[in-house]
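The file data_24.csv comes next; it holds CSV, C-alpha atoms.
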chain,number,residue,atom,x,y,z
A,7,MET,CA,-53.9,111.6,-3.3
A,8,LEU,CA,-56.4,111.7,-0.5
A,9,GLU,CA,-56.9,115.4,-0.9
A,10,ASP,CA,-57.4,115.0,-4.7
A,11,ALA,CA,-60.0,112.4,-4.1
A,12,GLN,CA,-61.7,114.6,-1.6
A,13,ASP,CA,-61.9,117.5,-4.1
A,14,VAL,CA,-63.8,115.3,-6.6
A,15,GLY,CA,-66.2,113.9,-4.1
A,16,MET,CA,-64.6,110.4,-3.6
A,17,ASN,CA,-64.9,110.6,0.2
A,18,HIS,CA,-65.1,106.9,1.1
A,19,ILE,CA,-62.1,104.6,1.3
A,20,VAL,CA,-61.7,100.8,1.8
A,21,PHE,CA,-58.2,99.4,2.3
A,22,PRO,CA,-56.4,96.3,3.7
A,23,LEU,CA,-54.1,96.8,6.6
A,24,VAL,CA,-51.4,94.6,8.2
A,25,PRO,CA,-49.9,97.0,10.7
A,26,THR,CA,-47.1,94.7,12.0
A,27,ILE,CA,-45.8,93.7,8.6
A,28,VAL,CA,-46.6,96.2,5.8
A,29,GLU,CA,-46.8,100.0,5.6
A,30,LEU,CA,-50.0,101.5,4.4
A,31,LYS,CA,-49.4,102.5,0.7
A,32,PRO,CA,-51.5,104.7,-1.6
A,33,GLN,CA,-52.0,101.8,-4.0
A,34,HIS,CA,-53.9,100.0,-1.2
A,35,PHE,CA,-56.8,102.5,-1.3
A,36,VAL,CA,-60.0,101.9,-3.2
A,37,PHE,CA,-62.2,105.0,-3.4
A,38,PHE,CA,-65.9,105.4,-3.6
A,39,ASP,CA,-68.3,108.3,-4.0
A,40,THR,CA,-71.0,106.8,-1.8
A,41,LEU,CA,-71.1,105.0,1.5
A,42,GLY,CA,-73.3,102.3,0.1
A,43,TYR,CA,-70.8,101.2,-2.6
A,44,ALA,CA,-68.0,101.3,-0.1
A,45,MET,CA,-69.9,99.0,2.3
A,46,GLN,CA,-70.8,96.6,-0.5
A,47,TYR,CA,-67.1,96.3,-1.5
A,48,LEU,CA,-66.0,96.0,2.2
A,49,GLU,CA,-68.5,93.1,2.8
A,50,SER,CA,-67.4,91.3,-0.4
A,51,LYS,CA,-63.7,91.4,0.6
A,52,ALA,CA,-64.1,90.9,4.3
A,53,PRO,CA,-63.9,87.0,4.1
A,54,TYR,CA,-60.4,87.3,2.7
A,55,TYR,CA,-59.1,89.4,5.5
A,56,GLU,CA,-59.9,87.5,8.7
A,57,PRO,CA,-57.4,87.8,11.6
A,58,ARG,CA,-54.5,85.4,11.0
A,59,GLY,CA,-53.4,84.7,14.5
A,60,PRO,CA,-53.0,86.2,18.0
A,61,ALA,CA,-49.7,88.0,17.1
A,62,GLN,CA,-50.9,90.0,14.2
A,63,THR,CA,-54.0,91.3,12.4
A,64,HIS,CA,-54.9,91.1,8.8
A,65,GLU,CA,-58.0,93.1,8.2
A,66,ILE,CA,-59.9,95.3,5.7
A,67,HIS,CA,-60.9,98.8,6.9
A,68,TYR,CA,-63.3,101.6,5.9
A,69,ARG,CA,-62.5,105.3,6.5
A,70,TYR,CA,-64.0,108.6,5.6
A,71,VAL,CA,-61.3,110.7,3.8
A,72,ASP,CA,-61.4,113.5,6.5
A,73,ALA,CA,-61.0,111.0,9.3
A,74,LEU,CA,-58.1,109.2,7.6
A,75,LEU,CA,-56.3,112.5,6.9
A,76,ASP,CA,-56.5,113.4,10.5
A,77,GLU,CA,-55.2,110.0,11.6
A,78,LEU,CA,-52.3,110.2,9.2
A,79,LYS,CA,-51.3,113.7,10.4
A,80,GLN,CA,-51.5,112.7,14.0
A,81,ALA,CA,-49.5,109.5,13.5
A,82,ASN,CA,-46.8,111.1,11.4
A,83,SER,CA,-46.6,114.5,13.1
A,84,LEU,CA,-47.1,116.4,9.9
A,85,LYS,CA,-46.2,119.8,11.3
A,86,ASN,CA,-44.8,122.8,9.7
A,87,LYS,CA,-42.0,124.1,11.9
A,88,LYS,CA,-41.6,127.4,10.1
A,89,ASP,CA,-42.8,130.6,11.8
A,90,MET,CA,-46.2,131.7,10.7
A,91,ASN,CA,-46.3,134.4,8.1
A,92,TYR,CA,-48.4,137.2,9.6
A,93,ASN,CA,-48.8,139.0,6.3
A,94,ASN,CA,-50.5,135.8,5.0
A,95,LEU,CA,-52.7,135.8,8.2
A,96,GLN,CA,-53.8,139.4,7.5
A,97,ASN,CA,-54.5,138.7,3.9
A,98,LEU,CA,-56.7,135.7,4.8
A,99,GLN,CA,-58.5,137.7,7.5
A,100,ASP,CA,-59.3,140.3,4.8
A,101,GLU,CA,-60.5,137.6,2.5
A,102,LEU,CA,-62.8,136.2,5.2
A,103,SER,CA,-64.2,139.6,5.8
A,104,LYS,CA,-64.9,140.2,2.1
A,105,LEU,CA,-66.7,136.8,2.0
A,106,GLY,CA,-68.8,137.7,5.1
A,107,PHE,CA,-67.4,135.3,7.7
A,108,GLY,CA,-67.4,136.5,11.3
A,109,LYS,CA,-64.7,136.9,13.9
A,110,LYS,CA,-65.1,133.4,15.3
A,111,VAL,CA,-64.0,131.9,12.0
A,112,ALA,CA,-61.1,134.3,11.7
A,113,ASP,CA,-60.0,133.5,15.3
A,114,ASP,CA,-60.2,129.8,14.7
A,115,MET,CA,-58.2,130.2,11.5
A,116,GLN,CA,-55.4,132.0,13.3
A,117,LYS,CA,-55.2,129.3,16.0
A,118,GLN,CA,-54.8,126.6,13.3
A,119,MET,CA,-52.2,128.6,11.4
A,120,GLU,CA,-50.2,129.1,14.6
A,121,LYS,CA,-50.1,125.3,15.1
A,122,GLY,CA,-48.5,125.0,11.6
A,123,VAL,CA,-50.7,122.1,10.4
A,124,SER,CA,-50.4,121.6,6.6
A,125,ASP,CA,-54.1,122.0,6.0
A,126,PHE,CA,-57.3,122.3,8.1
A,127,MET,CA,-61.0,122.8,8.0
A,128,LEU,CA,-63.2,125.3,9.9
A,129,HIS,CA,-66.9,125.0,10.7
A,130,ASP,CA,-69.6,127.5,11.1
A,131,ARG,CA,-73.4,127.4,11.1
A,132,VAL,CA,-76.2,129.8,10.6
A,133,MET,CA,-80.0,129.6,10.9
A,134,GLY,CA,-81.9,130.1,7.6
A,135,ASN,CA,-85.6,130.4,7.2
A,136,ARG,CA,-85.6,126.8,5.9
A,137,GLY,CA,-83.4,125.3,8.6
A,138,GLN,CA,-79.8,125.2,9.8
A,139,VAL,CA,-77.1,125.7,7.2
A,140,ASP,CA,-73.6,124.3,7.9
A,141,LEU,CA,-70.5,125.9,6.4
A,142,THR,CA,-67.1,124.1,6.1
A,143,LEU,CA,-64.1,126.1,5.0
A,144,TYR,CA,-61.0,124.3,3.5
A,145,PHE,CA,-57.5,125.8,4.0
A,146,LYS,CA,-54.4,124.4,2.4
A,147,GLN,CA,-50.8,125.3,2.8
A,148,SER,CA,-48.6,125.9,-0.2
A,149,GLY,CA,-46.0,123.2,-0.9
A,150,GLN,CA,-43.5,125.9,-1.7
A,151,SER,CA,-43.9,128.2,1.3
A,152,GLU,CA,-45.6,128.6,4.7
A,153,ASN,CA,-48.6,130.5,3.1
A,154,TYR,CA,-52.1,129.2,3.4
A,155,TYR,CA,-54.9,129.6,0.9
A,156,LEU,CA,-58.7,129.4,1.0
A,157,ASN,CA,-59.9,128.1,-2.3
A,158,LYS,CA,-63.4,126.7,-1.4
A,159,TYR,CA,-66.0,126.1,1.2
A,160,ASP,CA,-69.1,123.9,1.4
A,161,VAL,CA,-72.6,124.9,2.4
A,162,ARG,CA,-75.2,122.3,3.5
A,163,LEU,CA,-78.9,122.8,4.3
A,164,LEU,CA,-79.7,120.4,7.1
A,165,ASN,CA,-82.8,118.3,6.5
A,166,GLY,CA,-84.3,118.2,10.0
A,167,LYS,CA,-84.0,119.6,13.5
A,168,PRO,CA,-80.9,121.7,14.0
A,169,LEU,CA,-78.5,121.5,17.0
A,170,ALA,CA,-78.9,123.9,19.9
A,171,GLU,CA,-76.2,126.4,20.7
A,172,GLY,CA,-73.1,124.7,22.1
A,173,GLU,CA,-74.1,121.2,21.1
A,174,LYS,CA,-72.3,118.7,18.9
A,175,TYR,CA,-72.8,115.3,17.5
A,176,MET,CA,-71.2,112.3,19.2
A,177,VAL,CA,-70.7,108.6,18.4
A,178,ILE,CA,-70.3,106.6,21.6
A,179,ARG,CA,-69.0,103.1,21.6
A,180,PRO,CA,-67.9,100.6,24.4
A,181,ASN,CA,-64.2,100.6,25.0
A,182,GLU,CA,-63.1,97.1,24.1
A,183,LYS,CA,-59.9,97.3,26.2
A,184,GLU,CA,-61.5,98.7,29.3
A,185,PRO,CA,-65.0,97.2,30.1
A,186,GLY,CA,-67.4,99.7,31.5
A,187,LYS,CA,-65.8,102.7,29.8
A,188,ASN,CA,-66.9,104.3,26.5
A,189,ASP,CA,-65.1,105.9,23.5
A,190,VAL,CA,-66.5,109.2,22.4
A,191,LYS,CA,-65.9,110.7,19.0
A,192,SER,CA,-67.3,114.2,18.4
A,193,PHE,CA,-68.4,115.8,15.1
A,194,GLU,CA,-69.4,119.3,14.0
A,195,LYS,CA,-71.3,118.1,10.9
A,196,VAL,CA,-74.2,115.7,10.9
A,197,GLU,CA,-73.0,114.0,7.6
A,198,ASP,CA,-69.6,113.2,9.2
A,199,ALA,CA,-71.3,111.8,12.3
A,200,LEU,CA,-73.7,109.7,10.2
A,201,THR,CA,-70.9,108.3,8.0
A,202,PHE,CA,-68.9,107.2,11.0
A,203,PHE,CA,-71.9,105.8,12.9
A,204,LYS,CA,-73.1,103.8,9.9
A,205,ALA,CA,-69.7,102.3,9.4
A,206,GLN,CA,-69.7,100.7,12.9
A,207,VAL,CA,-69.7,97.0,13.2
A,208,ARG,CA,-70.5,96.8,16.9
A,209,ASP,CA,-72.8,98.5,19.4
A,210,ALA,CA,-72.8,102.3,19.1
A,211,VAL,CA,-75.0,105.3,19.9
A,212,LEU,CA,-75.3,108.5,17.9
A,213,ALA,CA,-76.2,111.4,20.1
A,214,ALA,CA,-76.3,115.2,20.3
A,215,GLY,CA,-75.5,117.4,23.3
A,216,LYS,CA,-72.8,119.5,24.9
A,217,ASP,CA,-71.1,116.3,26.3
A,218,PRO,CA,-71.9,112.6,27.0
A,219,ALA,CA,-73.4,113.5,30.4
A,220,HIS,CA,-76.0,115.9,28.7
A,221,LYS,CA,-76.9,114.1,25.5
A,222,THR,CA,-80.0,113.0,23.6
A,223,ASP,CA,-79.8,109.7,21.8
A,224,LEU,CA,-80.6,110.1,18.1
A,225,ALA,CA,-79.9,106.6,16.9
A,226,ARG,CA,-78.7,103.3,18.5
A,227,MET,CA,-77.0,100.3,16.9
A,228,GLN,CA,-76.7,96.8,18.3
A,229,GLU,CA,-74.4,94.3,16.5
A,230,ALA,CA,-74.3,96.6,13.4
A,231,ASN,CA,-78.1,96.8,13.2
A,232,VAL,CA,-79.9,100.1,13.9
A,233,ASN,CA,-82.7,99.4,16.4
A,234,TYR,CA,-83.7,102.9,17.3
A,235,LEU,CA,-84.2,106.2,15.5
A,236,GLU,CA,-85.4,109.3,17.4
A,237,LYS,CA,-88.6,110.5,15.7
A,238,ASP,CA,-87.5,114.0,14.8
A,239,PHE,CA,-84.1,112.7,13.6
A,240,ALA,CA,-85.4,110.0,11.2
A,241,ARG,CA,-85.6,112.4,8.2
A,242,THR,CA,-82.1,113.6,8.8
A,243,TYR,CA,-80.8,110.1,9.2
A,244,ARG,CA,-82.1,109.1,5.7
A,245,ASN,CA,-81.2,112.3,4.0
A,246,PRO,CA,-78.8,114.7,5.8
A,247,GLY,CA,-79.6,117.5,3.4
A,248,VAL,CA,-78.5,119.2,0.2
A,249,SER,CA,-75.0,120.7,-0.3
A,250,GLN,CA,-72.9,122.8,-2.7
A,251,THR,CA,-69.2,123.5,-2.9
A,252,VAL,CA,-68.4,127.2,-3.5
A,253,PHE,CA,-65.1,128.0,-5.1
A,254,VAL,CA,-63.4,131.4,-4.3
A,255,GLU,CA,-60.2,133.1,-5.3
A,256,ARG,CA,-58.5,135.6,-3.0
A,257,GLY,CA,-61.8,136.6,-1.3
A,258,LYS,CA,-63.7,136.9,-4.6
A,259,GLY,CA,-66.8,134.7,-5.3
A,260,PHE,CA,-70.1,134.1,-3.7
A,261,THR,CA,-70.2,135.4,-0.1
A,262,ALA,CA,-71.3,133.3,2.8
A,263,GLU,CA,-74.6,135.2,3.0
A,264,GLN,CA,-75.2,134.6,-0.8
A,265,SER,CA,-74.3,130.9,-0.6
A,266,VAL,CA,-76.6,130.3,2.4
A,267,ASN,CA,-79.4,131.8,0.4
A,268,LEU,CA,-78.5,129.9,-2.8
A,269,ILE,CA,-78.7,126.5,-1.0
A,270,GLN,CA,-82.1,127.5,0.3
A,271,GLY,CA,-83.3,127.8,-3.3
A,272,ARG,CA,-83.2,131.6,-3.7
A,273,ALA,CA,-81.5,133.8,-6.4
A,274,VAL,CA,-78.7,136.2,-5.8
A,275,PHE,CA,-77.3,139.1,-7.9
A,276,ARG,CA,-73.7,139.3,-9.0
A,277,ASP,CA,-72.2,142.4,-10.8
A,278,ASP,CA,-68.6,141.1,-11.0
A,279,LEU,CA,-69.0,138.1,-13.4
A,280,LEU,CA,-66.7,137.5,-16.4
A,281,LYS,CA,-67.4,135.8,-19.7
A,282,LEU,CA,-64.8,133.4,-21.1
A,283,GLY,CA,-63.2,136.3,-23.1
A,284,GLY,CA,-62.9,138.4,-20.0
A,285,GLU,CA,-65.9,140.7,-20.7
A,286,PRO,CA,-67.7,141.6,-17.5
A,287,TYR,CA,-71.5,141.1,-17.1
A,288,GLN,CA,-74.2,141.1,-14.4
A,289,ALA,CA,-76.7,138.4,-13.7
A,290,TRP,CA,-79.1,136.9,-11.2
A,291,ILE,CA,-78.0,133.4,-10.3
A,292,LYS,CA,-80.0,130.4,-8.9
A,293,LEU,CA,-79.1,126.8,-8.3
A,294,ASP,CA,-80.8,124.3,-10.6
A,295,MET,CA,-82.0,121.9,-8.0
A,296,ASP,CA,-84.4,120.1,-10.4
A,297,SER,CA,-81.6,118.7,-12.5
A,298,GLN,CA,-78.9,116.2,-11.7
A,299,LYS,CA,-75.7,117.3,-10.1
A,300,ASP,CA,-72.4,117.6,-12.1
A,301,ARG,CA,-69.4,115.2,-11.8
A,302,HIS,CA,-68.2,117.3,-8.8
A,303,HIS,CA,-71.5,116.7,-7.0
A,304,ASN,CA,-72.5,120.3,-7.4
A,305,PHE,CA,-75.8,121.7,-8.6
A,306,GLN,CA,-75.5,123.5,-11.9
A,307,THR,CA,-76.6,127.2,-12.1
A,308,LEU,CA,-79.3,129.1,-13.9
A,309,GLN,CA,-78.4,132.7,-15.0
A,310,TYR,CA,-80.7,135.6,-15.8
A,311,HIS,CA,-78.5,138.2,-17.4
A,312,VAL,CA,-79.1,141.9,-16.7
A,313,PRO,CA,-80.4,143.8,-18.6
A,314,THR,CA,-80.8,141.3,-21.6
A,315,TYR,CA,-83.2,139.0,-19.7
A,316,GLY,CA,-85.5,141.8,-19.0
A,317,PHE,CA,-85.7,141.7,-15.2
A,318,ILE,CA,-84.8,145.0,-13.5
A,319,LEU,CA,-85.3,144.8,-9.7
A,320,GLU,CA,-85.9,148.5,-9.0
A,321,ASN,CA,-88.7,148.7,-11.7
A,322,THR,CA,-90.4,145.6,-10.2
A,323,LEU,CA,-90.2,147.0,-6.7
A,324,ASP,CA,-91.8,150.3,-7.7
A,325,LYS,CA,-94.9,148.5,-8.8
A,326,PHE,CA,-95.8,147.6,-5.2
A,327,ASN,CA,-97.0,149.5,-2.2
A,328,ILE,CA,-93.9,148.9,0.0
A,329,LYS,CA,-93.4,151.4,2.7
A,330,GLU,CA,-89.6,151.0,3.0
A,331,LEU,CA,-89.1,152.2,-0.6
A,332,ASN,CA,-90.2,155.7,0.4
A,333,ASP,CA,-87.1,156.3,2.5
A,334,GLU,CA,-83.9,156.6,0.4
A,335,LYS,CA,-81.6,154.9,3.0
A,336,GLN,CA,-84.1,152.1,3.7
A,337,ARG,CA,-84.6,151.6,-0.1
A,338,GLU,CA,-80.9,151.2,-0.6
A,339,GLN,CA,-80.6,148.7,2.3
A,340,LEU,CA,-83.7,146.7,1.0
A,341,ILE,CA,-82.3,146.4,-2.5
A,342,LYS,CA,-78.9,145.2,-1.2
A,343,SER,CA,-80.5,142.6,1.0
A,344,ILE,CA,-82.6,141.3,-1.9
A,345,GLU,CA,-79.6,141.2,-4.2
A,346,ASN,CA,-77.8,139.0,-1.6
A,347,GLY,CA,-80.7,136.5,-1.8
A,348,ASN,CA,-82.3,137.4,1.6
A,349,ARG,CA,-86.0,137.3,2.4
A,350,PRO,CA,-86.5,140.7,4.1
A,351,LEU,CA,-89.5,141.7,6.2
A,352,VAL,CA,-91.3,144.6,4.6
A,353,THR,CA,-94.3,146.8,5.3
A,354,VAL,CA,-97.0,146.5,2.5
A,355,SER,CA,-100.3,148.3,2.1
A,356,LYS,CA,-103.6,147.0,1.1
A,357,ASP,CA,-106.8,149.1,1.2
A,358,GLY,CA,-105.0,151.6,3.4
A,359,GLN,CA,-104.1,148.9,6.0
A,360,GLU,CA,-100.4,148.1,6.7
A,361,SER,CA,-99.1,144.6,7.4
A,362,LYS,CA,-95.7,142.9,7.7
A,363,LEU,CA,-94.7,140.2,5.1
A,364,TYR,CA,-91.5,138.5,4.1
A,365,MET,CA,-90.5,139.1,0.5
A,366,GLU,CA,-88.2,137.3,-2.0
A,367,VAL,CA,-87.4,137.9,-5.6
A,368,SER,CA,-88.2,135.6,-8.5
A,369,PRO,CA,-86.0,136.7,-11.5
A,370,ARG,CA,-87.3,134.0,-13.7
A,371,TYR,CA,-90.8,135.5,-13.8
A,372,SER,CA,-89.6,139.1,-13.1
A,373,GLN,CA,-91.7,139.1,-10.0
A,374,LEU,CA,-91.7,139.4,-6.2
A,375,ASN,CA,-93.2,136.8,-3.9
A,376,PHE,CA,-94.7,137.6,-0.4
A,377,PHE,CA,-95.1,135.3,2.6
A,378,ARG,CA,-96.6,135.5,6.0
A,379,GLU,CA,-94.6,134.8,9.1
A,380,ASP,CA,-95.9,131.2,9.1
A,381,GLY,CA,-94.5,130.7,5.6
A,382,LYS,CA,-97.8,130.7,3.8
A,383,PRO,CA,-97.8,132.7,0.5
A,384,GLU,CA,-99.9,135.8,-0.1
A,385,LYS,CA,-101.1,136.9,-3.6
A,386,ARG,CA,-98.8,139.6,-4.8
A,387,GLU,CA,-101.5,141.3,-6.9
A,388,GLN,CA,-103.3,142.7,-3.8
A,389,PHE,CA,-100.2,144.9,-3.0
A,390,LEU,CA,-99.8,146.4,-6.5
A,391,LYS,CA,-100.1,150.2,-6.8
A,392,GLU,CA,-102.3,149.6,-9.9
A,393,PRO,CA,-104.6,146.6,-10.4
A,394,ALA,CA,-103.0,143.9,-12.7
A,395,LYS,CA,-104.4,143.8,-16.2
A,396,ASP,CA,-104.9,140.6,-18.2
A,397,HIS,CA,-102.9,138.8,-15.4
A,398,LYS,CA,-103.4,135.3,-16.7
A,399,LEU,CA,-102.1,136.3,-20.2
A,400,GLU,CA,-99.1,138.1,-18.7
A,401,VAL,CA,-98.1,135.1,-16.5
A,402,SER,CA,-98.4,132.8,-19.6
A,403,LYS,CA,-96.2,135.1,-21.6
A,404,ASP,CA,-93.6,135.4,-18.7
A,405,LYS,CA,-93.4,131.6,-18.4
A,406,SER,CA,-92.8,131.1,-22.1
A,407,GLN,CA,-90.1,133.8,-22.2
A,408,ALA,CA,-88.5,132.5,-19.0
A,409,LYS,CA,-88.3,128.9,-20.3
A,410,THR,CA,-86.7,130.0,-23.6
A,411,GLN,CA,-84.1,132.3,-22.0
A,412,GLU,CA,-83.4,130.0,-19.0
A,413,GLN,CA,-82.4,127.2,-21.4
A,414,ASP,CA,-80.1,129.5,-23.2
A,415,MET,CA,-78.4,130.7,-20.1
A,416,ALA,CA,-78.0,127.5,-18.0
A,417,VAL,CA,-74.3,126.7,-17.3
For this file, write the structure as structure tokens.
Amino acid sequence: MLEDAQDVGMNHIVFPLVPTIVELKPQHFVFFDTLGYAMQYLESKAPYYEPRGPAQTHEIHYRYVDALLDELKQANSLKNKKDMNYNNLQNLQDELSKLGFGKKVADDMQKQMEKGVSDFMLHDRVMGNRGQVDLTLYFKQSGQSENYYLNKYDVRLLNGKPLAEGEKYMVIRPNEKEPGKNDVKSFEKVEDALTFFKAQVRDAVLAAGKDPAHKTDLARMQEANVNYLEKDFARTYRNPGVSQTVFVERGKGFTAEQSVNLIQGRAVFRDDLLKLGGEPYQAWIKLDMDSQKDRHHNFQTLQYHVPTYGFILENTLDKFNIKELNDEKQREQLIKSIENGNRPLVTVSKDGQESKLYMEVSPRYSQLNFFREDGKPEKREQFLKEPAKDHKLEVSKDKSQAKTQEQDMAV
């Protein structure tokens, strides 16, 4: 039940607990999709769950789904005693390779499979041009065999300063049983650290670093009130970033590279899509970040079908003075990079002078956009092989056509 709630975005739980008298039952759980609603409910019920005496406790608790799942597995030793299926391991390694995940993720997966846990998560992070992108992969074991499956992974664009290599988030609290000592709980993802920190009802510190001895305080709480926010962390504290769940099947779906670029607002090309009737088609795909998310807390997508929409990448590229297009191997690499949603560095010519600019594709307007290394845009017209004619009229026509077809193809 916890896993099902997790799949639909109900990640916050409130429940009563009387450890010495009653077992924790599924019917005790009340699920919420936001921390705010969970805290409101917790506060409204807290007066009815005061401690009843020195010999027992009668309290109401809050947990994040991932944290409670970990606690339950540790407490009940939910281990799979069967030998690991190495054919299954090899298949999953192939799937990770197809999706573009590196050796570290594959090695971490093998370690977890060898432990025999029923399901587990793996974390990875990459630096995008718009900030750090965290990836979380979800593995589940079949209820009928020892085989594991990867059906989805999350991507989140961090809103703020990223962690340095080897660092982690930590929530540090005084140990109530041993004065002078602290409890430290570590987190890979900032949203998990924030959820845990904000749920504290006593003194706590949210920090980042390699360990408690080498940390930087990001936020401090005294008697459940936050009294310090590190300046560069304030934006992250209020909004950890934007996220998307990516569903895959046997290594097929958006690759890690494509998903990282999608969450940064760029378009990617897919030539392996299927219509409801099974008919294959090709399209450029972009997340619709200007509209509300769906019931699974995902952005909807905008699709620009090829060739019906009218945007052909090669034809658009050939309109510009881009040096890399003159070499067949570099041309092929450049097209592949753009199709995966990247923003490659290219050499452009203007009045016989060469310069380096970043370039990204805009399928909606059948155009390319150019940017300097500091992120400032450059006018594309100055790099055309032939001067643009009636440019304002063409842009107006493009926008009108894009609006009509985009509405037809949104899914």
What lies within 8 Å of segment 14-25 of chain A using only C-alpha atoms, ignoring chain neighbours under 3 positions off, as a ChimeraX atom specification? /A:10-11,28-30,34-41,44,47-48,55,62-72,301-303
At a cut-off of 9 Å, using only C-alpha atoms, what residues contact Asn327 of chain A? Leave out same-chain residues fewer than 4 positions from it and give the result as a count of residues only. 9
Just the number, please: distance in Å from atom CA of Lys104 of chain A to atom CA of Leu169 of chain A, one decimal. 27.5 Å
Coordinates-based distance that separates atom CA of Lys237 of chain A from atom CA of Val211 of chain A (Å, one decimal): 15.2 Å
Distance atom CA of Leu212 of chain A-atom CA of Ile178 of chain A, one decimal place? 6.5 Å
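If you measure from each of A:Glu101, A:Asn332, A:Lys292, A:Val177 to Asp189 of chain A using all atoms listed in the file, the closest one turns out to be A:Val177.
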Please tabulate, as a Markdown table, the residues of segment 203-309 of chain A that come within 10 Å of segment 136-159 of chain A, each with its closest pair of atoms and the distance in Å to one decimal, counting all atoms listed in the file and ordering rows by chain, then residue number upward.
| residue | atom | partner | partner_atom | distance |
| --- | --- | --- | --- | --- |
| A:Gly247 | CA | A:Val139 | CA | 9.4 |
| A:Val248 | CA | A:Val139 | CA | 9.7 |
| A:Ser249 | CA | A:Asp140 | CA | 9.1 |
| A:Gln250 | CA | A:Tyr159 | CA | 8.6 |
| A:Thr251 | CA | A:Tyr159 | CA | 5.8 |
| A:Val252 | CA | A:Tyr159 | CA | 5.4 |
| A:Phe253 | CA | A:Lys158 | CA | 4.3 |
| A:Val254 | CA | A:Asn157 | CA | 5.2 |
| A:Glu255 | CA | A:Asn157 | CA | 5.8 |
| A:Arg256 | CA | A:Leu156 | CA | 7.4 |
| A:Gly257 | CA | A:Leu156 | CA | 8.2 |
| A:Lys258 | CA | A:Asn157 | CA | 9.9 |
| A:Gly259 | CA | A:Lys158 | CA | 9.5 |
| A:Ala262 | CA | A:Leu141 | CA | 8.3 |
| A:Ser265 | CA | A:Leu141 | CA | 9.4 |
| A:Val266 | CA | A:Val139 | CA | 6.7 |
| A:Asn267 | CA | A:Val139 | CA | 9.4 |
| A:Ile269 | CA | A:Val139 | CA | 8.4 |
| A:Gln270 | CA | A:Arg136 | CA | 6.6 |
| A:Gly271 | CA | A:Arg136 | CA | 9.5 |
Using C-alpha atoms, can you write the selected residues to a file as a compact mmCIF listing (two decimals), in the frame of the given file?
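out_18.txt, written as the output of this step:
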# COMPACT_ATOMS: atom_id res chain seq x y z
CA GLY A 247 -79.60 117.50 3.40
CA VAL A 248 -78.50 119.20 0.20
CA SER A 249 -75.00 120.70 -0.30
CA GLN A 250 -72.90 122.80 -2.70
CA THR A 251 -69.20 123.50 -2.90
CA VAL A 252 -68.40 127.20 -3.50
CA PHE A 253 -65.10 128.00 -5.10
CA VAL A 254 -63.40 131.40 -4.30
CA GLU A 255 -60.20 133.10 -5.30
CA ARG A 256 -58.50 135.60 -3.00
CA GLY A 257 -61.80 136.60 -1.30
CA LYS A 258 -63.70 136.90 -4.60
CA GLY A 259 -66.80 134.70 -5.30
CA ALA A 262 -71.30 133.30 2.80
CA SER A 265 -74.30 130.90 -0.60
CA VAL A 266 -76.60 130.30 2.40
CA ASN A 267 -79.40 131.80 0.40
CA ILE A 269 -78.70 126.50 -1.00
CA GLN A 270 -82.10 127.50 0.30
CA GLY A 271 -83.30 127.80 -3.30
Would you please work out which residue, of A:Gly283, A:Gly215, A:Leu268, A:Asp277, is nearest to Thr307 of chain A when using all atoms listed in the file? A:Leu268
Using only C-alpha atoms for the distances, tell me which of A:Arg386, A:Arg272, A:Lys31, A:Lys221 is nearest to Arg370 of chain A.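 Under the stated criterion, the closest residue is A:Arg272.
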Please determine, counting only C-alpha atoms, which residue among A:Gln206, A:Gln388, A:Gln359, A:Thr242 has the shortest atom-to-atom distance to Ala230 of chain A.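 Selected residue with least distance to Ala230 of chain A: A:Gln206.
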With all atoms listed in the file as the counted atoms, please give the residues lying no more than 12 Å from Ser103 of chain A, apart from itself and same-chain residues fewer than 2 positions off, as number ranges by chain. A: 96-101, 105-112, 256-258, 261-263
Given all atoms listed in the file as the counted atoms, nearest of A:Leu374, A:Thr201, A:Lys191, A:Lys167 to Ala240 of chain A: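 Using all atoms listed in the file, the shortest distance to Ala240 of chain A belongs to A:Lys167.
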Nearest residue to Met45 of chain A from the set A:Gly186, A:Val207, A:Val123, A:Leu164 (distances using only C-alpha atoms):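 Residue with the minimum atom-to-atom distance to Met45 of chain A: A:Val207.
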